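Colleague: One file: model_21.txt (compact mmCIF, C-alpha atoms).
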# COMPACT_ATOMS: atom_id res chain seq x y z
CA MET A 1389 129.22 137.06 -159.64
CA HIS A 1390 132.24 135.17 -160.80
CA PHE A 1391 133.72 132.15 -159.12
CA ILE A 1392 136.60 134.15 -157.64
CA GLY A 1393 137.60 134.78 -154.06
CA LYS A 1394 136.35 138.34 -153.82
CA ASP A 1395 132.93 137.58 -155.25
CA ILE A 1396 132.54 134.47 -153.15
CA ASP A 1397 132.96 136.54 -149.99
CA GLN A 1398 130.09 138.69 -151.16
CA TYR A 1399 128.11 135.61 -152.15
CA LEU A 1400 128.50 134.09 -148.71
CA SER A 1401 127.12 137.20 -147.05
CA GLN A 1402 124.28 137.67 -149.56
CA ARG A 1403 123.20 134.09 -150.13
CA GLU A 1404 119.49 134.86 -149.97
CA TYR A 1405 119.84 137.13 -153.00
CA VAL A 1406 122.26 135.07 -155.07
CA ASP A 1407 120.08 132.05 -155.65
CA THR A 1408 121.02 131.01 -159.18
CA ALA A 1409 124.05 129.12 -160.48
CA VAL A 1410 125.13 129.20 -164.11
CA VAL A 1411 127.40 126.42 -165.32
CA PRO A 1412 128.72 126.53 -168.90
CA LEU A 1413 129.24 123.03 -170.30
CA LEU A 1414 132.09 122.99 -172.76
CA GLU A 1415 133.16 120.18 -175.04
CA LEU A 1416 136.86 119.91 -175.82
CA ASN A 1417 137.40 118.42 -179.23
CA LEU A 1418 141.04 118.36 -180.25
CA ASN A 1419 140.74 116.54 -183.57
CA PRO A 1420 142.71 118.66 -186.01
CA SER A 1421 139.59 119.10 -188.12
CA ASP A 1422 137.35 120.10 -185.18
CA LEU A 1423 139.86 122.12 -183.20
CA LYS A 1424 138.88 125.47 -184.60
CA SER A 1425 135.14 125.04 -184.21
CA SER A 1426 135.67 123.77 -180.66
CA ALA A 1427 137.70 126.87 -179.82
CA GLY A 1428 135.12 129.10 -181.50
CA ALA A 1429 132.34 127.51 -179.48
CA SER A 1430 134.36 128.05 -176.32
CA GLU A 1431 134.83 131.72 -177.16
CA TYR A 1432 131.14 132.15 -177.90
CA LEU A 1433 130.02 130.39 -174.74
CA GLN A 1434 132.37 132.35 -172.53
CA SER A 1435 131.50 135.75 -174.04
CA LEU A 1436 127.82 134.97 -173.68
CA THR A 1437 128.07 133.86 -170.07
CA ALA A 1438 130.26 136.88 -169.25
CA LEU A 1439 127.59 139.19 -170.67
CA LEU A 1440 124.95 137.31 -168.74
CA GLU A 1441 126.95 137.74 -165.56
CA LYS A 1442 127.23 141.47 -166.19
CA GLN A 1443 123.48 141.78 -166.56
CA PHE A 1444 122.54 139.64 -163.54
CA LYS A 1445 125.64 140.11 -161.39
CA GLY A 1446 123.70 140.34 -158.16
CA ARG A 1447 121.67 137.22 -158.64
CA ILE A 1448 123.77 134.62 -160.44
CA LEU A 1449 127.02 132.92 -159.63
CA LEU A 1450 128.82 132.09 -162.86
CA PHE A 1451 131.05 129.04 -162.62
CA PRO A 1452 134.06 128.43 -164.82
CA PRO A 1453 133.19 126.24 -167.82
CA LEU A 1454 132.92 122.57 -167.01
CA SER A 1455 135.10 121.11 -169.75
CA TYR A 1456 134.95 117.49 -170.81
CA THR A 1457 136.40 115.52 -173.69
CA SER A 1458 134.40 114.85 -176.83
CA GLY A 1459 134.02 111.17 -175.92
CA ALA A 1460 132.89 111.83 -172.34
CA ASP A 1461 129.83 110.03 -171.04
CA ARG A 1462 127.37 112.92 -170.78
CA GLU A 1463 125.09 110.98 -168.44
CA ARG A 1464 127.91 110.54 -165.97
CA VAL A 1465 129.00 114.18 -166.26
CA ALA A 1466 125.38 115.17 -165.63
CA GLU A 1467 125.11 113.03 -162.51
CA GLU A 1468 128.36 114.31 -161.07
CA ILE A 1469 127.77 117.98 -161.67
CA SER A 1470 124.19 117.94 -160.43
CA ALA A 1471 125.30 116.10 -157.27
CA GLU A 1472 127.98 118.73 -156.70
CA MET A 1473 125.56 121.59 -157.34
CA LYS A 1474 123.10 120.20 -154.80
CA LYS A 1475 125.67 120.78 -152.06
CA ALA A 1476 125.55 124.53 -152.58
CA GLU A 1477 121.73 124.62 -152.34
CA PHE A 1478 121.01 126.98 -155.18
CA LYS A 1479 117.34 127.54 -155.86
CA HIS A 1480 117.97 127.56 -159.60
CA VAL A 1481 120.75 126.00 -161.62
CA PHE A 1482 121.20 126.74 -165.31
CA TYR A 1483 123.51 124.89 -167.66
CA LEU A 1484 124.52 126.65 -170.86
CA THR A 1485 126.05 124.72 -173.70
CA THR A 1486 126.63 124.67 -177.43
CA ASP A 1487 127.09 120.89 -177.46
CA ALA A 1488 124.08 119.25 -179.13
CA ALA A 1489 124.68 115.96 -177.30
CA TRP A 1490 123.05 117.46 -174.19
CA ARG A 1491 119.69 117.72 -175.86
CA SER A 1492 119.15 114.01 -175.35
CA VAL A 1493 120.35 113.93 -171.75
CA GLU A 1494 117.36 113.89 -169.45
CA LYS A 1495 119.17 113.95 -166.14
CA LEU A 1496 119.91 117.68 -166.13
CA GLU A 1497 117.20 120.25 -165.80
CA ASN A 1498 117.43 123.71 -167.29
CA VAL A 1499 119.99 122.97 -169.97
CA LEU A 1500 119.95 125.88 -172.40
CA TRP A 1501 121.34 124.73 -175.71
CA LEU A 1502 122.48 127.43 -178.12
CA PRO A 1503 124.05 126.93 -181.51
CA ALA A 1504 127.53 128.45 -181.47
CA ILE A 1505 128.01 131.48 -183.70
CA PRO A 1506 131.57 131.85 -185.01
CA THR A 1507 132.41 135.36 -183.81
CA MET A 1508 136.17 135.31 -184.30
CA ASP A 1509 136.21 137.08 -187.65
CA MET A 1510 133.79 139.81 -186.68
CA ASP A 1511 134.96 143.28 -185.80
CA ARG A 1512 134.48 144.38 -182.23
CA ASN A 1513 131.31 146.43 -182.58
CA PHE A 1514 129.58 143.84 -184.71
CA LYS A 1515 130.52 141.07 -182.33
CA GLN A 1516 129.17 143.13 -179.46
CA SER A 1517 125.82 143.59 -181.13
CA VAL A 1518 125.61 139.92 -182.14
CA MET A 1519 126.35 138.81 -178.59
CA GLU A 1520 123.78 141.20 -177.19
CA ASP A 1521 121.19 139.77 -179.56
CA GLN A 1522 122.10 136.34 -178.27
CA LEU A 1523 121.81 137.56 -174.71
CA ARG A 1524 118.33 138.85 -175.41
CA GLN A 1525 117.33 135.30 -176.39
CA VAL A 1526 118.50 133.96 -173.04
CA LEU A 1527 117.29 136.67 -170.63
CA PRO A 1528 113.58 135.81 -170.82
CA LEU A 1529 114.34 132.20 -169.90
CA PHE A 1530 115.93 133.39 -166.67
CA LEU A 1531 113.17 135.87 -165.89
CA LYS A 1532 110.57 133.16 -166.49
CA GLU A 1533 112.34 130.75 -164.15
CA TRP A 1534 112.59 133.41 -161.44
CA SER A 1535 109.01 134.60 -161.60
CA MET B 127 185.22 201.13 -147.17
CA SER B 128 182.52 200.69 -144.56
CA ASN B 129 183.19 200.97 -140.88
CA ASN B 130 181.55 197.82 -139.59
CA ARG B 131 184.18 195.40 -140.64
CA VAL B 132 183.38 191.74 -140.71
CA SER B 133 185.45 189.95 -138.19
CA ARG B 134 187.08 186.61 -138.90
CA ARG B 135 184.65 184.98 -136.42
CA GLN B 136 181.60 186.53 -138.12
CA PHE B 137 182.84 185.60 -141.57
CA LEU B 138 183.29 181.98 -140.56
CA GLY B 139 179.83 182.03 -138.89
CA TYR B 140 178.12 183.31 -142.06
CA THR B 141 179.97 180.86 -144.28
CA LEU B 142 179.14 177.86 -142.11
CA THR B 143 175.48 178.88 -141.86
CA GLY B 144 175.30 179.25 -145.64
CA VAL B 145 176.96 175.92 -146.41
CA GLY B 146 174.96 174.18 -143.65
CA GLY B 147 171.76 175.66 -145.07
CA PHE B 148 172.49 174.28 -148.50
CA MET B 149 173.26 170.86 -147.06
CA ALA B 150 170.06 170.83 -145.00
CA ALA B 151 168.07 171.90 -148.06
CA GLY B 152 169.74 169.16 -150.09
CA MET B 153 168.52 166.63 -147.57
CA LEU B 154 165.06 168.07 -146.99
CA MET B 155 164.09 168.72 -150.62
CA PRO B 156 163.80 165.06 -151.65
CA MET B 157 161.87 164.34 -148.47
CA VAL B 158 159.38 167.11 -149.18
CA ARG B 159 159.17 165.91 -152.79
CA PHE B 160 158.29 162.40 -151.61
CA ALA B 161 155.70 163.73 -149.19
CA VAL B 162 153.82 165.81 -151.76
CA ASP B 163 154.26 163.26 -154.57
CA PRO B 164 150.64 162.04 -154.58
CA VAL B 165 149.52 165.58 -155.30
CA LEU B 166 151.89 166.01 -158.22
CA GLN B 167 151.08 162.66 -159.78
CA GLN B 168 149.33 162.89 -163.11
CA LYS B 169 145.87 161.40 -163.04
CA GLU B 170 145.48 158.43 -165.33
CA GLY B 171 142.07 157.48 -166.63
CA GLY B 172 140.65 160.89 -165.89
CA ASP B 173 140.10 161.48 -169.57
CA PHE B 174 136.79 161.43 -171.32
CA VAL B 175 135.90 158.53 -173.57
CA LEU B 176 134.23 159.53 -176.80
CA THR B 177 131.09 157.57 -177.67
CA ASP B 178 129.24 157.40 -180.97
CA GLN B 179 126.09 158.97 -179.57
CA ARG B 180 125.29 162.37 -181.08
CA VAL B 181 124.37 165.00 -178.52
CA ASP B 182 121.55 166.46 -180.61
CA GLU B 183 119.87 163.06 -180.74
CA VAL B 184 119.73 162.80 -176.96
CA THR B 185 116.27 163.61 -175.62
CA GLU B 186 114.72 163.65 -172.20
CA GLU B 187 114.21 159.90 -172.52
CA PRO B 188 117.29 158.04 -171.24
CA VAL B 189 119.15 156.08 -173.93
CA ARG B 190 121.83 153.49 -173.43
CA VAL B 191 125.25 154.61 -174.65
CA ASP B 192 128.07 152.09 -174.86
CA PHE B 193 131.69 153.07 -174.54
CA THR B 194 134.92 151.08 -174.54
CA PHE B 195 138.09 151.70 -172.62
CA GLU B 196 141.21 149.78 -171.74
CA GLN B 197 141.43 148.32 -168.29
CA THR B 198 144.65 147.02 -166.78
CA ASP B 199 144.18 144.20 -164.29
CA ALA B 200 147.66 143.43 -162.96
CA TRP B 201 149.50 142.43 -166.14
CA TYR B 202 146.37 141.72 -168.11
CA VAL B 203 145.10 144.51 -170.33
CA SER B 204 141.59 144.10 -171.63
CA GLU B 205 139.09 146.19 -173.50
CA VAL B 206 136.04 146.74 -171.39
CA THR B 207 132.71 147.85 -172.73
CA SER B 208 130.57 149.77 -170.31
CA SER B 209 127.37 151.66 -170.78
CA ALA B 210 125.62 154.67 -169.38
CA TRP B 211 122.06 155.95 -169.43
CA VAL B 212 122.22 159.39 -171.04
CA TYR B 213 119.46 162.00 -171.17
CA LYS B 214 118.96 165.73 -171.24
CA GLU B 215 117.55 167.80 -168.43
CA GLY B 216 116.81 171.06 -170.20
CA ASP B 217 120.11 171.64 -171.99
CA LYS B 218 122.20 169.78 -169.45
CA LEU B 219 123.53 166.34 -170.35
CA ILE B 220 123.18 163.71 -167.66
CA ALA B 221 124.78 160.26 -167.66
CA LEU B 222 123.89 157.69 -165.03
CA SER B 223 125.73 154.47 -164.31
CA PRO B 224 123.66 151.35 -165.02
CA VAL B 225 125.14 149.46 -162.08
CA CYS B 226 122.53 148.67 -159.43
CA LYS B 227 123.58 149.79 -155.97
CA HIS B 228 122.21 146.63 -154.45
CA LEU B 229 124.45 143.85 -155.79
CA GLY B 230 125.73 145.24 -159.08
CA CYS B 231 123.29 144.02 -161.73
CA THR B 232 122.62 146.16 -164.80
CA VAL B 233 119.50 148.31 -164.58
CA ASN B 234 117.28 149.18 -167.53
CA TRP B 235 115.20 152.25 -168.22
CA ALA B 236 111.52 151.26 -168.35
CA GLY B 237 112.58 147.64 -167.82
CA ASP B 238 109.27 146.99 -166.15
CA PRO B 239 106.35 147.81 -168.47
CA GLU B 240 104.17 148.67 -165.49
CA GLN B 241 106.43 151.53 -164.40
CA PRO B 242 107.74 153.05 -167.65
CA ASN B 243 109.27 156.13 -166.00
CA ARG B 244 111.68 154.41 -163.72
CA PHE B 245 114.89 152.40 -163.92
CA PHE B 246 114.32 148.76 -163.13
CA CYS B 247 116.74 146.10 -161.93
CA PRO B 248 115.57 142.66 -163.07
CA CYS B 249 117.48 140.75 -160.37
CA HIS B 250 115.57 141.72 -157.27
CA ALA B 251 113.09 144.27 -158.63
CA GLY B 252 115.05 147.32 -157.53
CA ARG B 253 113.66 150.61 -158.83
CA TYR B 254 115.12 154.07 -159.34
CA GLU B 255 113.61 157.39 -160.35
CA LYS B 256 114.88 159.11 -163.49
CA ASN B 257 117.47 161.11 -161.52
CA GLY B 258 118.82 157.91 -160.02
CA GLN B 259 117.03 158.20 -156.66
CA ASN B 260 116.32 154.71 -155.34
CA VAL B 261 112.66 154.03 -154.68
CA PRO B 262 112.10 153.27 -150.97
CA GLY B 263 110.86 149.77 -150.27
CA THR B 264 112.96 148.19 -153.03
CA PRO B 265 116.30 146.50 -152.26
CA PRO B 266 118.79 149.23 -153.37
CA LEU B 267 120.09 151.38 -150.53
CA GLY B 268 121.46 154.33 -152.50
CA PRO B 269 121.01 156.29 -155.72
CA LEU B 270 122.63 155.30 -159.01
CA ASP B 271 126.11 156.70 -159.59
CA GLU B 272 126.65 159.46 -162.09
CA TYR B 273 129.27 159.90 -164.80
CA ASP B 274 131.05 163.12 -165.66
CA VAL B 275 129.79 163.90 -169.13
CA GLN B 276 130.59 166.51 -171.75
CA GLU B 277 130.06 167.30 -175.40
CA GLN B 278 133.01 166.79 -177.76
CA ASP B 279 132.49 167.80 -181.41
CA GLY B 280 128.80 167.06 -181.18
CA TYR B 281 129.23 163.67 -179.58
CA VAL B 282 128.73 162.53 -176.00
CA ALA B 283 131.95 161.92 -174.06
CA ILE B 284 131.84 160.02 -170.79
CA GLY B 285 134.25 160.67 -167.94
CA VAL B 286 134.81 159.24 -164.50
CA VAL B 287 132.11 157.86 -162.27
CA LYS B 288 131.14 159.86 -159.19
CA ALA B 289 128.48 159.83 -156.52
CA ASN B 290 125.06 161.03 -157.62
CA THR B 291 124.76 164.82 -157.45
CA LEU B 292 121.20 165.11 -158.72
CA VAL B 293 119.46 163.63 -155.74
CA VAL B 294 118.77 166.08 -152.97
Rewrite the structure of this file - the entire thing - as structure tokens.

Modeller:
Amino acid sequence: MHFIGKDIDQYLSQREYVDTAVVPLLELNLNPSDLKSSAGASEYLQSLTALLEKQFKGRILLFPPLSYTSGADRERVAEEISAEMKKAEFKHVFYLTTDAAWRSVEKLENVLWLPAIPTMDMDRNFKQSVMEDQLRQVLPLFLKEWS
Amino acid sequence: MSNNRVSRRQFLGYTLTGVGGFMAAGMLMPMVRFAVDPVLQQKEGGDFVLTDQRVDEVTEEPVRVDFTFEQTDAWYVSEVTSSAWVYKEGDKLIALSPVCKHLGCTVNWAGDPEQPNRFFCPCHAGRYEKNGQNVPGTPPLGPLDEYDVQEQDGYVAIGVVKANTLVV
């Protein structure tokens, strides 16, 4: 489910089934030289999480990307978001990111780091198949966590 | 010259009735037109979407067929990719919607290796038979929806979604 009014109504009535939160972590880097790769990573992360939501609509609540600046203190971001997530009492919380800085942050559990693939120049069908390949890498991690 | 002459009174009566009738019709016609408008409206989105799946390659084993259409969400037009599970029953093409009737996850054919002849929903282990019938005891409460499907120049074309007609 998406973090929109209509889906939240359904979430509130089906809480026992929707037990997993997915939070994309997105770095904003507006240096002229990094702007394009930052935007490409954003596109990749959002297409991937949208596909993931389509597959697991009835079990995950997909949050809008948590965006932070390139200089942000990841430790602090981690503390704040995990404290906020605790309030909603999800059984599982996944963080998806393309930002390598998260690999050294210990405070967050279940951070799935994926290298961003620049999909902007691909034609639609090719992009679709690339993204589905990417999705297939992520699905088993969810199924393993749930089992 | 006929004998029953039209009197002045009769003539005026006929004329007024005729003119009045036209005026009443002029008022009623637009009203009737408004009332029946929904029936006359042309259906949008009732067309079939051509996929790149050849009909002669479809077997009795369901295969996933993707198709793309334009969806208008208020002012925002986006291209949406959906899929269907397509198989043949004898010579008849059948296309089932992959959307689980429990909470809307995507179901997979033979998604669970232990039950290779059923659709499986990975979210809450919902199961469906090949015709879309939900397996009792699993979370889904109804059968999978069905798509209108037809053959166009040897390729599968997918139409609108409808309630399952295969389950008795």

Colleague: Pull out every residue of chain B sitting within 9 Å of chain A, counting only C-alpha atoms, and send them as a list in words.

Modeller: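 That gives the following set of residues: Thr207, Cys226, His228, Leu229, Gly230, Cys231, Thr232, Val233, Cys247, Pro248, Cys249 and His250 of chain B.
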
Colleague: Determine the nearest neighbour of A:Gly1459 from the options A:Glu1415, A:Ser1492, A:Val1481, A:Ser1425, counting all atoms listed in the file.

Modeller: A:Glu1415

Colleague: Any idea what's packed within 7 Å of A:Tyr1432, counting only C-alpha atoms, ignoring anything in its chain fewer than 2 positions away? Could you give it as a PyMOL selection string?

Modeller: chain A and resi 1428-1430+1434-1436+1504-1505+1507

Colleague: Would you export the selected residues with C-alpha atoms as an mmCIF file, in the frame of the given file, please?

Modeller:
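For reference, result36.cif as written:
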data_model
loop_
_atom_site.group_PDB
_atom_site.id
_atom_site.type_symbol
_atom_site.label_atom_id
_atom_site.label_comp_id
_atom_site.auth_asym_id
_atom_site.auth_seq_id
_atom_site.Cartn_x
_atom_site.Cartn_y
_atom_site.Cartn_z
ATOM 1 C CA GLY A 1428 135.120 129.100 -181.500
ATOM 2 C CA ALA A 1429 132.340 127.510 -179.480
ATOM 3 C CA SER A 1430 134.360 128.050 -176.320
ATOM 4 C CA GLN A 1434 132.370 132.350 -172.530
ATOM 5 C CA SER A 1435 131.500 135.750 -174.040
ATOM 6 C CA LEU A 1436 127.820 134.970 -173.680
ATOM 7 C CA ALA A 1504 127.530 128.450 -181.470
ATOM 8 C CA ILE A 1505 128.010 131.480 -183.700
ATOM 9 C CA THR A 1507 132.410 135.360 -183.810
#

Colleague: Suppose you want the space between atom CA of A:Ser1455 and atom CA of A:Leu1523; what is it in Å?

Modeller: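 It comes out at 21.7 Å.
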
Colleague: Work out how far atom CA of B:Glu187 is from atom CA of B:Tyr213, in Å to one decimal.

Modeller: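 Atom-to-atom, atom CA of B:Tyr213 and atom CA of B:Glu187 are spaced 5.8 Å apart.
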
Colleague: When you count only C-alpha atoms, which of these residues is closest to A:Glu1494: A:Glu1467, A:Asp1397, A:Asp1511, A:Asp1521?

Modeller: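 For A:Glu1494, the nearest of the given residues is A:Glu1467.
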
Colleague: How many Å separate atom CA of A:Ala1409 from atom CA of B:Val225?

Modeller: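 According to the coordinates, atom CA of A:Ala1409 and atom CA of B:Val225 are separated by 20.4 Å.
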
Colleague: Which residue is closest to B:Val275? Choose from B:Leu219, B:Val293, B:Val203, B:Ala251 and count all atoms listed in the file.

Modeller: B:Leu219

Colleague: For B:Thr194, which of B:Ala283, B:Gln167, B:Met149, B:Asn290 is the closest residue, counting all atoms listed in the file?

Modeller: B:Ala283

Colleague: List as a PDB file with C-alpha atoms, keeping the file's coordinate frame the protein and nucleic acid residues near B:Val184, meaning an atom at most 12 Å away when all atoms listed in the file are counted, but skip any in the same chain fewer than 4 places from it.

Modeller:
ATOM      1  CA  ASP B 178     129.240 157.400-180.970  1.00  0.00           C
ATOM      2  CA  GLN B 179     126.090 158.970-179.570  1.00  0.00           C
ATOM      3  CA  ARG B 180     125.290 162.370-181.080  1.00  0.00           C
ATOM      4  CA  PRO B 188     117.290 158.040-171.240  1.00  0.00           C
ATOM      5  CA  VAL B 189     119.150 156.080-173.930  1.00  0.00           C
ATOM      6  CA  ARG B 190     121.830 153.490-173.430  1.00  0.00           C
ATOM      7  CA  VAL B 191     125.250 154.610-174.650  1.00  0.00           C
ATOM      8  CA  TRP B 211     122.060 155.950-169.430  1.00  0.00           C
ATOM      9  CA  VAL B 212     122.220 159.390-171.040  1.00  0.00           C
ATOM     10  CA  TYR B 213     119.460 162.000-171.170  1.00  0.00           C
ATOM     11  CA  LYS B 214     118.960 165.730-171.240  1.00  0.00           C
ATOM     12  CA  GLU B 215     117.550 167.800-168.430  1.00  0.00           C
ATOM     13  CA  GLY B 216     116.810 171.060-170.200  1.00  0.00           C
ATOM     14  CA  ASP B 217     120.110 171.640-171.990  1.00  0.00           C
ATOM     15  CA  LYS B 218     122.200 169.780-169.450  1.00  0.00           C
ATOM     16  CA  LEU B 219     123.530 166.340-170.350  1.00  0.00           C
ATOM     17  CA  ILE B 220     123.180 163.710-167.660  1.00  0.00           C
ATOM     18  CA  ALA B 221     124.780 160.260-167.660  1.00  0.00           C
ATOM     19  CA  GLU B 277     130.060 167.300-175.400  1.00  0.00           C
ATOM     20  CA  GLY B 280     128.800 167.060-181.180  1.00  0.00           C
ATOM     21  CA  TYR B 281     129.230 163.670-179.580  1.00  0.00           C
ATOM     22  CA  VAL B 282     128.730 162.530-176.000  1.00  0.00           C
TER      23      VAL B 282
END

Colleague: Out of A:Ala1460, A:Ile1396, A:Leu1529, A:Leu1433, which residue has the shortest atom-to-atom distance to A:Leu1502 when counting only C-alpha atoms?

Modeller: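 Checking each of A:Ala1460, A:Ile1396, A:Leu1529, A:Leu1433 against A:Leu1502, counting only C-alpha atoms, the winner is A:Leu1433.
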
Colleague: Residues proximal to (135.7, 127.0, -166.5) were defined as those with any atom within 9 Å of that point in the file's coordinates, counting all atoms listed in the file. Which are they, as a ChimeraX atom specification?

Modeller: /A:1411-1414,1434,1451-1455

Colleague: Within 12 Å of (124.1, 157.3, -156.6) in the file's own coordinates, which protein, DNA or RNA residues have an atom, counting all atoms listed in the file? List them as a compact mmCIF listing (two decimals) with C-alpha atoms, in the frame of the given file.

Modeller:
# COMPACT_ATOMS: atom_id res chain seq x y z
CA ALA B 221 124.78 160.26 -167.66
CA LEU B 222 123.89 157.69 -165.03
CA SER B 223 125.73 154.47 -164.31
CA PRO B 224 123.66 151.35 -165.02
CA VAL B 225 125.14 149.46 -162.08
CA CYS B 226 122.53 148.67 -159.43
CA LYS B 227 123.58 149.79 -155.97
CA HIS B 228 122.21 146.63 -154.45
CA TYR B 254 115.12 154.07 -159.34
CA GLU B 255 113.61 157.39 -160.35
CA LYS B 256 114.88 159.11 -163.49
CA ASN B 257 117.47 161.11 -161.52
CA GLY B 258 118.82 157.91 -160.02
CA GLN B 259 117.03 158.20 -156.66
CA ASN B 260 116.32 154.71 -155.34
CA PRO B 266 118.79 149.23 -153.37
CA LEU B 267 120.09 151.38 -150.53
CA GLY B 268 121.46 154.33 -152.50
CA PRO B 269 121.01 156.29 -155.72
CA LEU B 270 122.63 155.30 -159.01
CA ASP B 271 126.11 156.70 -159.59
CA GLU B 272 126.65 159.46 -162.09
CA TYR B 273 129.27 159.90 -164.80
CA VAL B 287 132.11 157.86 -162.27
CA LYS B 288 131.14 159.86 -159.19
CA ALA B 289 128.48 159.83 -156.52
CA ASN B 290 125.06 161.03 -157.62
CA THR B 291 124.76 164.82 -157.45
CA LEU B 292 121.20 165.11 -158.72
CA VAL B 293 119.46 163.63 -155.74
CA VAL B 294 118.77 166.08 -152.97

Colleague: Using all atoms listed in the file for the distances, tell me which of A:Ser1421, A:Gln1522, A:Ser1535, A:Ser1426 is nearest to A:His1480.

Modeller: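 For A:His1480, the nearest of the given residues is A:Ser1535.
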